[in-house]
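J.: Below is run-v5.cif; it holds mmCIF, N, CA and C atoms.
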```
data_final
loop_
_atom_site.group_PDB
_atom_site.id
_atom_site.type_symbol
_atom_site.label_atom_id
_atom_site.label_comp_id
_atom_site.auth_asym_id
_atom_site.auth_seq_id
_atom_site.Cartn_x
_atom_site.Cartn_y
_atom_site.Cartn_z
ATOM 1 N N MET A 1 72.499 -7.736 -29.878
ATOM 2 C CA MET A 1 72.964 -7.219 -28.603
ATOM 3 C C MET A 1 71.965 -6.174 -28.110
ATOM 4 N N ALA A 2 71.559 -6.297 -26.867
ATOM 5 C CA ALA A 2 70.601 -5.347 -26.297
ATOM 6 C C ALA A 2 71.294 -4.023 -26.013
ATOM 7 N N ARG A 3 70.557 -2.956 -26.177
ATOM 8 C CA ARG A 3 71.137 -1.662 -25.870
ATOM 9 C C ARG A 3 71.217 -1.481 -24.360
ATOM 10 N N ALA A 4 72.033 -0.575 -23.916
ATOM 11 C CA ALA A 4 72.343 -0.408 -22.498
ATOM 12 C C ALA A 4 71.106 -0.174 -21.641
ATOM 13 N N GLY A 5 70.148 0.575 -22.119
ATOM 14 C CA GLY A 5 68.971 0.907 -21.321
ATOM 15 C C GLY A 5 67.904 -0.173 -21.283
ATOM 16 N N ALA A 6 68.062 -1.234 -22.051
ATOM 17 C CA ALA A 6 67.025 -2.261 -22.134
ATOM 18 C C ALA A 6 66.743 -2.907 -20.794
ATOM 19 N N LYS A 7 67.764 -3.224 -20.036
ATOM 20 C CA LYS A 7 67.584 -3.866 -18.739
ATOM 21 C C LYS A 7 66.799 -2.960 -17.795
ATOM 22 N N VAL A 8 67.115 -1.691 -17.800
ATOM 23 C CA VAL A 8 66.417 -0.732 -16.947
ATOM 24 C C VAL A 8 64.962 -0.625 -17.362
ATOM 25 N N GLU A 9 64.702 -0.530 -18.667
ATOM 26 C CA GLU A 9 63.324 -0.422 -19.135
ATOM 27 C C GLU A 9 62.516 -1.651 -18.727
ATOM 28 N N ALA A 10 63.114 -2.831 -18.800
ATOM 29 C CA ALA A 10 62.415 -4.049 -18.405
ATOM 30 C C ALA A 10 62.081 -4.005 -16.927
ATOM 31 N N ARG A 11 62.992 -3.495 -16.123
ATOM 32 C CA ARG A 11 62.724 -3.399 -14.695
ATOM 33 C C ARG A 11 61.620 -2.391 -14.417
ATOM 34 N N ILE A 12 61.600 -1.314 -15.148
ATOM 35 C CA ILE A 12 60.535 -0.326 -14.956
ATOM 36 C C ILE A 12 59.194 -0.958 -15.287
ATOM 37 N N ASP A 13 59.114 -1.704 -16.397
ATOM 38 C CA ASP A 13 57.866 -2.338 -16.784
ATOM 39 C C ASP A 13 57.418 -3.347 -15.735
ATOM 40 N N THR A 14 58.329 -4.158 -15.217
ATOM 41 C CA THR A 14 57.998 -5.141 -14.195
ATOM 42 C C THR A 14 57.540 -4.447 -12.927
ATOM 43 N N LYS A 15 58.245 -3.450 -12.519
ATOM 44 C CA LYS A 15 57.952 -2.743 -11.276
ATOM 45 C C LYS A 15 56.614 -2.006 -11.377
ATOM 46 N N GLU A 16 56.257 -1.575 -12.566
ATOM 47 C CA GLU A 16 55.030 -0.805 -12.781
ATOM 48 C C GLU A 16 53.808 -1.536 -12.231
ATOM 49 N N LYS A 17 53.802 -2.862 -12.308
ATOM 50 C CA LYS A 17 52.643 -3.642 -11.919
ATOM 51 C C LYS A 17 52.395 -3.624 -10.416
ATOM 52 N N TRP A 18 53.446 -3.469 -9.619
ATOM 53 C CA TRP A 18 53.247 -3.559 -8.176
ATOM 54 C C TRP A 18 54.055 -2.538 -7.391
ATOM 55 N N ARG A 19 54.500 -1.501 -8.061
ATOM 56 C CA ARG A 19 55.371 -0.521 -7.412
ATOM 57 C C ARG A 19 54.749 0.115 -6.175
ATOM 58 N N ASN A 20 53.438 0.176 -6.120
ATOM 59 C CA ASN A 20 52.782 0.792 -4.968
ATOM 60 C C ASN A 20 52.821 -0.091 -3.730
ATOM 61 N N THR A 21 53.294 -1.324 -3.869
ATOM 62 C CA THR A 21 53.333 -2.210 -2.718
ATOM 63 C C THR A 21 54.720 -2.282 -2.086
ATOM 64 N N MET A 22 55.701 -1.585 -2.638
ATOM 65 C CA MET A 22 57.019 -1.596 -2.019
ATOM 66 C C MET A 22 56.914 -0.897 -0.673
ATOM 67 N N ASP A 23 57.383 -1.591 0.338
ATOM 68 C CA ASP A 23 57.373 -0.990 1.666
ATOM 69 C C ASP A 23 58.466 0.064 1.759
ATOM 70 N N ARG A 24 58.066 1.245 2.187
ATOM 71 C CA ARG A 24 59.031 2.314 2.470
ATOM 72 C C ARG A 24 58.926 2.622 3.952
ATOM 73 N N TYR A 25 60.054 2.981 4.520
ATOM 74 C CA TYR A 25 60.100 3.253 5.944
ATOM 75 C C TYR A 25 60.564 4.674 6.194
ATOM 76 N N PRO A 26 59.966 5.346 7.172
ATOM 77 C CA PRO A 26 60.391 6.709 7.501
ATOM 78 C C PRO A 26 61.859 6.722 7.929
ATOM 79 N N VAL A 27 62.561 7.773 7.512
ATOM 80 C CA VAL A 27 63.965 7.947 7.887
ATOM 81 C C VAL A 27 64.152 9.344 8.473
ATOM 82 N N THR A 28 65.216 9.481 9.240
ATOM 83 C CA THR A 28 65.567 10.777 9.801
ATOM 84 C C THR A 28 66.527 11.459 8.850
ATOM 85 N N SER A 29 66.034 12.476 8.173
ATOM 86 C CA SER A 29 66.828 13.177 7.173
ATOM 87 C C SER A 29 66.161 14.520 6.893
ATOM 88 N N SER A 30 66.949 15.514 6.533
ATOM 89 C CA SER A 30 66.361 16.810 6.195
ATOM 90 C C SER A 30 65.779 16.816 4.784
ATOM 91 N N ASN A 31 66.139 15.830 3.955
ATOM 92 C CA ASN A 31 65.703 15.793 2.565
ATOM 93 C C ASN A 31 64.868 14.560 2.223
ATOM 94 N N LEU A 32 65.209 13.406 2.810
ATOM 95 C CA LEU A 32 64.510 12.159 2.510
ATOM 96 C C LEU A 32 63.443 11.904 3.561
ATOM 97 N N ALA A 33 62.256 11.474 3.114
ATOM 98 C CA ALA A 33 61.171 11.174 4.045
ATOM 99 C C ALA A 33 61.048 9.677 4.303
ATOM 100 N N GLU A 34 61.107 8.880 3.226
ATOM 101 C CA GLU A 34 60.960 7.432 3.340
ATOM 102 C C GLU A 34 61.880 6.747 2.342
ATOM 103 N N VAL A 35 62.316 5.534 2.712
ATOM 104 C CA VAL A 35 63.189 4.751 1.849
ATOM 105 C C VAL A 35 62.705 3.309 1.846
ATOM 106 N N GLY A 36 62.680 2.698 0.664
ATOM 107 C CA GLY A 36 62.351 1.284 0.525
ATOM 108 C C GLY A 36 63.354 0.625 -0.395
ATOM 109 N N TYR A 37 63.457 -0.696 -0.306
ATOM 110 C CA TYR A 37 64.407 -1.415 -1.145
ATOM 111 C C TYR A 37 63.867 -2.796 -1.474
ATOM 112 N N ASP A 38 64.000 -3.179 -2.742
ATOM 113 C CA ASP A 38 63.639 -4.521 -3.195
ATOM 114 C C ASP A 38 64.919 -5.213 -3.646
ATOM 115 N N PRO A 39 65.431 -6.166 -2.859
ATOM 116 C CA PRO A 39 66.698 -6.801 -3.216
ATOM 117 C C PRO A 39 66.623 -7.664 -4.471
ATOM 118 N N GLU A 40 65.471 -8.238 -4.769
ATOM 119 C CA GLU A 40 65.347 -9.065 -5.973
ATOM 120 C C GLU A 40 65.482 -8.226 -7.232
ATOM 121 N N LEU A 41 64.900 -7.059 -7.231
ATOM 122 C CA LEU A 41 64.969 -6.168 -8.391
ATOM 123 C C LEU A 41 66.113 -5.172 -8.291
ATOM 124 N N GLU A 42 66.812 -5.177 -7.155
ATOM 125 C CA GLU A 42 67.864 -4.199 -6.884
ATOM 126 C C GLU A 42 67.347 -2.780 -7.145
ATOM 127 N N THR A 43 66.188 -2.503 -6.571
ATOM 128 C CA THR A 43 65.525 -1.215 -6.764
ATOM 129 C C THR A 43 65.376 -0.493 -5.429
ATOM 130 N N LEU A 44 65.875 0.716 -5.407
ATOM 131 C CA LEU A 44 65.758 1.595 -4.251
ATOM 132 C C LEU A 44 64.643 2.587 -4.544
ATOM 133 N N GLU A 45 63.744 2.768 -3.601
ATOM 134 C CA GLU A 45 62.653 3.719 -3.778
ATOM 135 C C GLU A 45 62.760 4.773 -2.687
ATOM 136 N N VAL A 46 62.733 6.032 -3.095
ATOM 137 C CA VAL A 46 62.915 7.137 -2.160
ATOM 138 C C VAL A 46 61.762 8.122 -2.303
ATOM 139 N N GLN A 47 61.158 8.460 -1.180
ATOM 140 C CA GLN A 47 60.202 9.557 -1.160
ATOM 141 C C GLN A 47 60.898 10.726 -0.485
ATOM 142 N N PHE A 48 60.901 11.850 -1.169
ATOM 143 C CA PHE A 48 61.540 13.051 -0.647
ATOM 144 C C PHE A 48 60.541 13.850 0.182
ATOM 145 N N LYS A 49 61.052 14.679 1.036
ATOM 146 C CA LYS A 49 60.173 15.513 1.868
ATOM 147 C C LYS A 49 59.338 16.449 1.014
ATOM 148 N N SER A 50 59.811 16.755 -0.185
ATOM 149 C CA SER A 50 59.045 17.592 -1.106
ATOM 150 C C SER A 50 57.850 16.849 -1.691
ATOM 151 N N GLY A 51 57.804 15.510 -1.482
ATOM 152 C CA GLY A 51 56.681 14.709 -1.961
ATOM 153 C C GLY A 51 56.998 13.821 -3.135
ATOM 154 N N GLY A 52 58.051 14.114 -3.880
ATOM 155 C CA GLY A 52 58.408 13.301 -5.040
ATOM 156 C C GLY A 52 58.876 11.913 -4.635
ATOM 157 N N VAL A 53 58.524 10.925 -5.474
ATOM 158 C CA VAL A 53 58.955 9.545 -5.248
ATOM 159 C C VAL A 53 59.713 9.087 -6.484
ATOM 160 N N TYR A 54 60.907 8.541 -6.264
ATOM 161 C CA TYR A 54 61.764 8.067 -7.338
ATOM 162 C C TYR A 54 62.229 6.655 -7.055
ATOM 163 N N GLN A 55 62.453 5.909 -8.135
ATOM 164 C CA GLN A 55 63.082 4.604 -8.031
ATOM 165 C C GLN A 55 64.447 4.686 -8.693
ATOM 166 N N TYR A 56 65.407 4.007 -8.091
ATOM 167 C CA TYR A 56 66.779 3.939 -8.594
ATOM 168 C C TYR A 56 67.084 2.473 -8.819
ATOM 169 N N PHE A 57 67.556 2.147 -10.028
ATOM 170 C CA PHE A 57 67.702 0.766 -10.457
ATOM 171 C C PHE A 57 69.158 0.309 -10.411
ATOM 172 N N ASN A 58 69.326 -1.008 -10.252
ATOM 173 C CA ASN A 58 70.649 -1.650 -10.211
ATOM 174 C C ASN A 58 71.428 -1.263 -8.964
ATOM 175 N N VAL A 59 70.732 -0.888 -7.906
ATOM 176 C CA VAL A 59 71.364 -0.525 -6.635
ATOM 177 C C VAL A 59 71.568 -1.817 -5.840
ATOM 178 N N THR A 60 72.811 -2.135 -5.538
ATOM 179 C CA THR A 60 73.096 -3.372 -4.811
ATOM 180 C C THR A 60 72.648 -3.265 -3.358
ATOM 181 N N ALA A 61 72.486 -4.413 -2.730
ATOM 182 C CA ALA A 61 72.118 -4.450 -1.317
ATOM 183 C C ALA A 61 73.182 -3.767 -0.466
ATOM 184 N N VAL A 62 74.437 -3.886 -0.866
ATOM 185 C CA VAL A 62 75.527 -3.238 -0.125
ATOM 186 C C VAL A 62 75.359 -1.718 -0.157
ATOM 187 N N MET A 63 75.003 -1.165 -1.305
ATOM 188 C CA MET A 63 74.796 0.286 -1.399
ATOM 189 C C MET A 63 73.601 0.712 -0.544
ATOM 190 N N TYR A 64 72.555 -0.089 -0.555
ATOM 191 C CA TYR A 64 71.393 0.218 0.281
ATOM 192 C C TYR A 64 71.783 0.208 1.763
ATOM 193 N N GLU A 65 72.524 -0.798 2.175
ATOM 194 C CA GLU A 65 72.957 -0.893 3.575
ATOM 195 C C GLU A 65 73.851 0.281 3.957
ATOM 196 N N ARG A 66 74.719 0.687 3.042
ATOM 197 C CA ARG A 66 75.578 1.844 3.312
ATOM 198 C C ARG A 66 74.750 3.116 3.454
ATOM 199 N N LEU A 67 73.750 3.264 2.601
ATOM 200 C CA LEU A 67 72.864 4.426 2.703
ATOM 201 C C LEU A 67 72.193 4.450 4.065
ATOM 202 N N MET A 68 71.611 3.330 4.447
ATOM 203 C CA MET A 68 70.832 3.292 5.675
ATOM 204 C C MET A 68 71.688 3.437 6.934
ATOM 205 N N SER A 69 72.983 3.159 6.824
ATOM 206 C CA SER A 69 73.857 3.286 7.997
ATOM 207 C C SER A 69 74.700 4.566 7.961
ATOM 208 N N ALA A 70 74.500 5.396 6.951
ATOM 209 C CA ALA A 70 75.280 6.630 6.826
ATOM 210 C C ALA A 70 74.908 7.619 7.936
ATOM 211 N N ASP A 71 75.892 8.406 8.348
ATOM 212 C CA ASP A 71 75.637 9.452 9.338
ATOM 213 C C ASP A 71 74.615 10.460 8.819
ATOM 214 N N SER A 72 74.714 10.765 7.524
ATOM 215 C CA SER A 72 73.768 11.669 6.876
ATOM 216 C C SER A 72 73.220 10.974 5.633
ATOM 217 N N LEU A 73 71.962 10.547 5.692
ATOM 218 C CA LEU A 73 71.366 9.856 4.553
ATOM 219 C C LEU A 73 71.332 10.745 3.316
ATOM 220 N N GLY A 74 70.946 12.000 3.494
ATOM 221 C CA GLY A 74 70.856 12.914 2.364
ATOM 222 C C GLY A 74 72.196 13.149 1.700
ATOM 223 N N ARG A 75 73.226 13.331 2.491
ATOM 224 C CA ARG A 75 74.567 13.558 1.951
ATOM 225 C C ARG A 75 75.055 12.317 1.204
ATOM 226 N N TYR A 76 74.861 11.132 1.799
ATOM 227 C CA TYR A 76 75.273 9.892 1.143
ATOM 228 C C TYR A 76 74.496 9.693 -0.151
ATOM 229 N N PHE A 77 73.187 9.905 -0.080
ATOM 230 C CA PHE A 77 72.341 9.756 -1.261
ATOM 231 C C PHE A 77 72.830 10.661 -2.393
ATOM 232 N N ASN A 78 73.068 11.928 -2.082
ATOM 233 C CA ASN A 78 73.495 12.881 -3.118
ATOM 234 C C ASN A 78 74.870 12.555 -3.680
ATOM 235 N N LYS A 79 75.747 12.035 -2.854
ATOM 236 C CA LYS A 79 77.113 11.747 -3.297
ATOM 237 C C LYS A 79 77.243 10.407 -4.016
ATOM 238 N N GLU A 80 76.515 9.380 -3.548
ATOM 239 C CA GLU A 80 76.755 8.025 -4.027
ATOM 240 C C GLU A 80 75.648 7.409 -4.885
ATOM 241 N N ILE A 81 74.438 7.964 -4.834
ATOM 242 C CA ILE A 81 73.327 7.346 -5.558
ATOM 243 C C ILE A 81 72.779 8.258 -6.651
ATOM 244 N N LYS A 82 72.394 9.460 -6.287
ATOM 245 C CA LYS A 82 71.825 10.392 -7.267
ATOM 246 C C LYS A 82 72.828 10.645 -8.397
ATOM 247 N N GLY A 83 72.374 10.424 -9.619
ATOM 248 C CA GLY A 83 73.228 10.635 -10.778
ATOM 249 C C GLY A 83 74.131 9.466 -11.112
ATOM 250 N N HIS A 84 74.172 8.449 -10.248
ATOM 251 C CA HIS A 84 75.021 7.282 -10.484
ATOM 252 C C HIS A 84 74.222 6.062 -10.925
ATOM 253 N N TYR A 85 72.913 6.083 -10.747
ATOM 254 C CA TYR A 85 72.049 4.951 -11.088
ATOM 255 C C TYR A 85 70.893 5.426 -11.953
ATOM 256 N N PRO A 86 70.426 4.568 -12.860
ATOM 257 C CA PRO A 86 69.228 4.927 -13.640
ATOM 258 C C PRO A 86 68.067 5.168 -12.690
ATOM 259 N N GLU A 87 67.223 6.127 -13.019
ATOM 260 C CA GLU A 87 66.114 6.475 -12.143
ATOM 261 C C GLU A 87 64.828 6.700 -12.916
ATOM 262 N N ALA A 88 63.731 6.614 -12.197
ATOM 263 C CA ALA A 88 62.419 6.911 -12.768
ATOM 264 C C ALA A 88 61.583 7.582 -11.700
ATOM 265 N N LYS A 89 60.909 8.646 -12.102
ATOM 266 C CA LYS A 89 59.989 9.324 -11.181
ATOM 267 C C LYS A 89 58.653 8.610 -11.232
ATOM 268 N N LEU A 90 58.099 8.346 -10.064
ATOM 269 C CA LEU A 90 56.784 7.669 -10.018
ATOM 270 C C LEU A 90 55.683 8.692 -9.935
#
```
As a first step, turn the structure in this file into structure tokens.

T.:
Amino acid sequence: MARAGAKVEARIDTKEKWRNTMDRYPVTSSNLAEVGYDPELETLEVQFKSGGVYQYFNVTAVMYERLMSADSLGRYFNKEIKGHYPEAKL
């Protein structure tokens, strides 16, 4: 039986090869600068205004759509994504 983190580690390894090609788009937010999403890998990529870039794994397309349609992207991100999904700093 695979350990819980194995799936995430495999996604990180796969993403490592082409992570710089994920398209991110500018967003209007006081905290988030750009957001990208890969539906095949269920990976959300966020660049913060501070400059940091993170990937969040196992994020469904529905969660991505909810984020992008939220009144406040930063508030939604902090409440529904940050701390709820495995992440990796790029």

J.: Using all atoms listed in the file, determine which residues lie at most 6.5 Å from Leu67 of chain A, disregarding the query and same-chain residues fewer than 6 positions distant; provide the list as a short mmCIF file (atom, residue, chain, number, x, y, z; two decimals) with N, CA and C atoms, in the frame of the given file.

T.:
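File written: around_33.cif
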```cif
data_model
loop_
_atom_site.label_atom_id
_atom_site.label_comp_id
_atom_site.auth_asym_id
_atom_site.auth_seq_id
_atom_site.Cartn_x
_atom_site.Cartn_y
_atom_site.Cartn_z
N LEU A 73 71.96 10.55 5.69
CA LEU A 73 71.37 9.86 4.55
C LEU A 73 71.33 10.74 3.32
N TYR A 76 74.86 11.13 1.80
CA TYR A 76 75.27 9.89 1.14
C TYR A 76 74.50 9.69 -0.15
N PHE A 77 73.19 9.90 -0.08
CA PHE A 77 72.34 9.76 -1.26
C PHE A 77 72.83 10.66 -2.39
#
```

J.: Any chance you could work out the residue set of the PyMOL selection byres (((chain A and resi 27 and name CA) around 12) and name CA) here, as a compact mmCIF listing (two decimals) with N, CA and C atoms, in the frame of the given file?

T.:
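Below you can see out33.txt, which holds the result:
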```txt
# COMPACT_ATOMS: atom_id res chain seq x y z
N ARG A 24 58.07 1.25 2.19
CA ARG A 24 59.03 2.31 2.47
C ARG A 24 58.93 2.62 3.95
N TYR A 25 60.05 2.98 4.52
CA TYR A 25 60.10 3.25 5.94
C TYR A 25 60.56 4.67 6.19
N PRO A 26 59.97 5.35 7.17
CA PRO A 26 60.39 6.71 7.50
C PRO A 26 61.86 6.72 7.93
N THR A 28 65.22 9.48 9.24
CA THR A 28 65.57 10.78 9.80
C THR A 28 66.53 11.46 8.85
N SER A 29 66.03 12.48 8.17
CA SER A 29 66.83 13.18 7.17
C SER A 29 66.16 14.52 6.89
N SER A 30 66.95 15.51 6.53
CA SER A 30 66.36 16.81 6.20
C SER A 30 65.78 16.82 4.78
N ASN A 31 66.14 15.83 3.96
CA ASN A 31 65.70 15.79 2.56
C ASN A 31 64.87 14.56 2.22
N LEU A 32 65.21 13.41 2.81
CA LEU A 32 64.51 12.16 2.51
C LEU A 32 63.44 11.90 3.56
N ALA A 33 62.26 11.47 3.11
CA ALA A 33 61.17 11.17 4.04
C ALA A 33 61.05 9.68 4.30
N GLU A 34 61.11 8.88 3.23
CA GLU A 34 60.96 7.43 3.34
C GLU A 34 61.88 6.75 2.34
N VAL A 35 62.32 5.53 2.71
CA VAL A 35 63.19 4.75 1.85
C VAL A 35 62.70 3.31 1.85
N GLY A 36 62.68 2.70 0.66
CA GLY A 36 62.35 1.28 0.52
C GLY A 36 63.35 0.62 -0.40
N VAL A 46 62.73 6.03 -3.10
CA VAL A 46 62.92 7.14 -2.16
C VAL A 46 61.76 8.12 -2.30
N GLN A 47 61.16 8.46 -1.18
CA GLN A 47 60.20 9.56 -1.16
C GLN A 47 60.90 10.73 -0.48
N PHE A 48 60.90 11.85 -1.17
CA PHE A 48 61.54 13.05 -0.65
C PHE A 48 60.54 13.85 0.18
N LYS A 49 61.05 14.68 1.04
CA LYS A 49 60.17 15.51 1.87
C LYS A 49 59.34 16.45 1.01
N LEU A 67 73.75 3.26 2.60
CA LEU A 67 72.86 4.43 2.70
C LEU A 67 72.19 4.45 4.07
N MET A 68 71.61 3.33 4.45
CA MET A 68 70.83 3.29 5.68
C MET A 68 71.69 3.44 6.93
N SER A 69 72.98 3.16 6.82
CA SER A 69 73.86 3.29 8.00
C SER A 69 74.70 4.57 7.96
N ALA A 70 74.50 5.40 6.95
CA ALA A 70 75.28 6.63 6.83
C ALA A 70 74.91 7.62 7.94
N ASP A 71 75.89 8.41 8.35
CA ASP A 71 75.64 9.45 9.34
C ASP A 71 74.61 10.46 8.82
N SER A 72 74.71 10.76 7.52
CA SER A 72 73.77 11.67 6.88
C SER A 72 73.22 10.97 5.63
N LEU A 73 71.96 10.55 5.69
CA LEU A 73 71.37 9.86 4.55
C LEU A 73 71.33 10.74 3.32
N GLY A 74 70.95 12.00 3.49
CA GLY A 74 70.86 12.91 2.36
C GLY A 74 72.20 13.15 1.70
```

J.: Run through the PyMOL selection byres ((chain A and resi 38) around 8) on the given coordinates and return the selected residues as a PyMOL selection string.

T.: chain A and resi 22-23+36-37+39-45+59-61

J.: Just the number, please: distance in Å from atom CA of Tyr85 of chain A to atom CA of Tyr64 of chain A, one decimal.

T.: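 Atom CA of Tyr64 of chain A lies 12.3 Å from atom CA of Tyr85 of chain A.
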
J.: What gap, in Å, lies between atom C of Met63 of chain A and atom N of His84 of chain A?

T.: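 Straight-line distance from atom C of Met63 of chain A to atom N of His84 of chain A works out to 12.4 Å.
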
J.: How big is the axis-aligned box around all listed atoms of segment 77-90 of chain A once 3 Å goes on each side, and where's its centre, in Å to one decimal, as JSON?

T.:
```
{"center_x": 66.5, "center_y": 8.7, "center_z": -6.9, "size_x": 27.6, "size_y": 14.3, "size_z": 19.6}
```
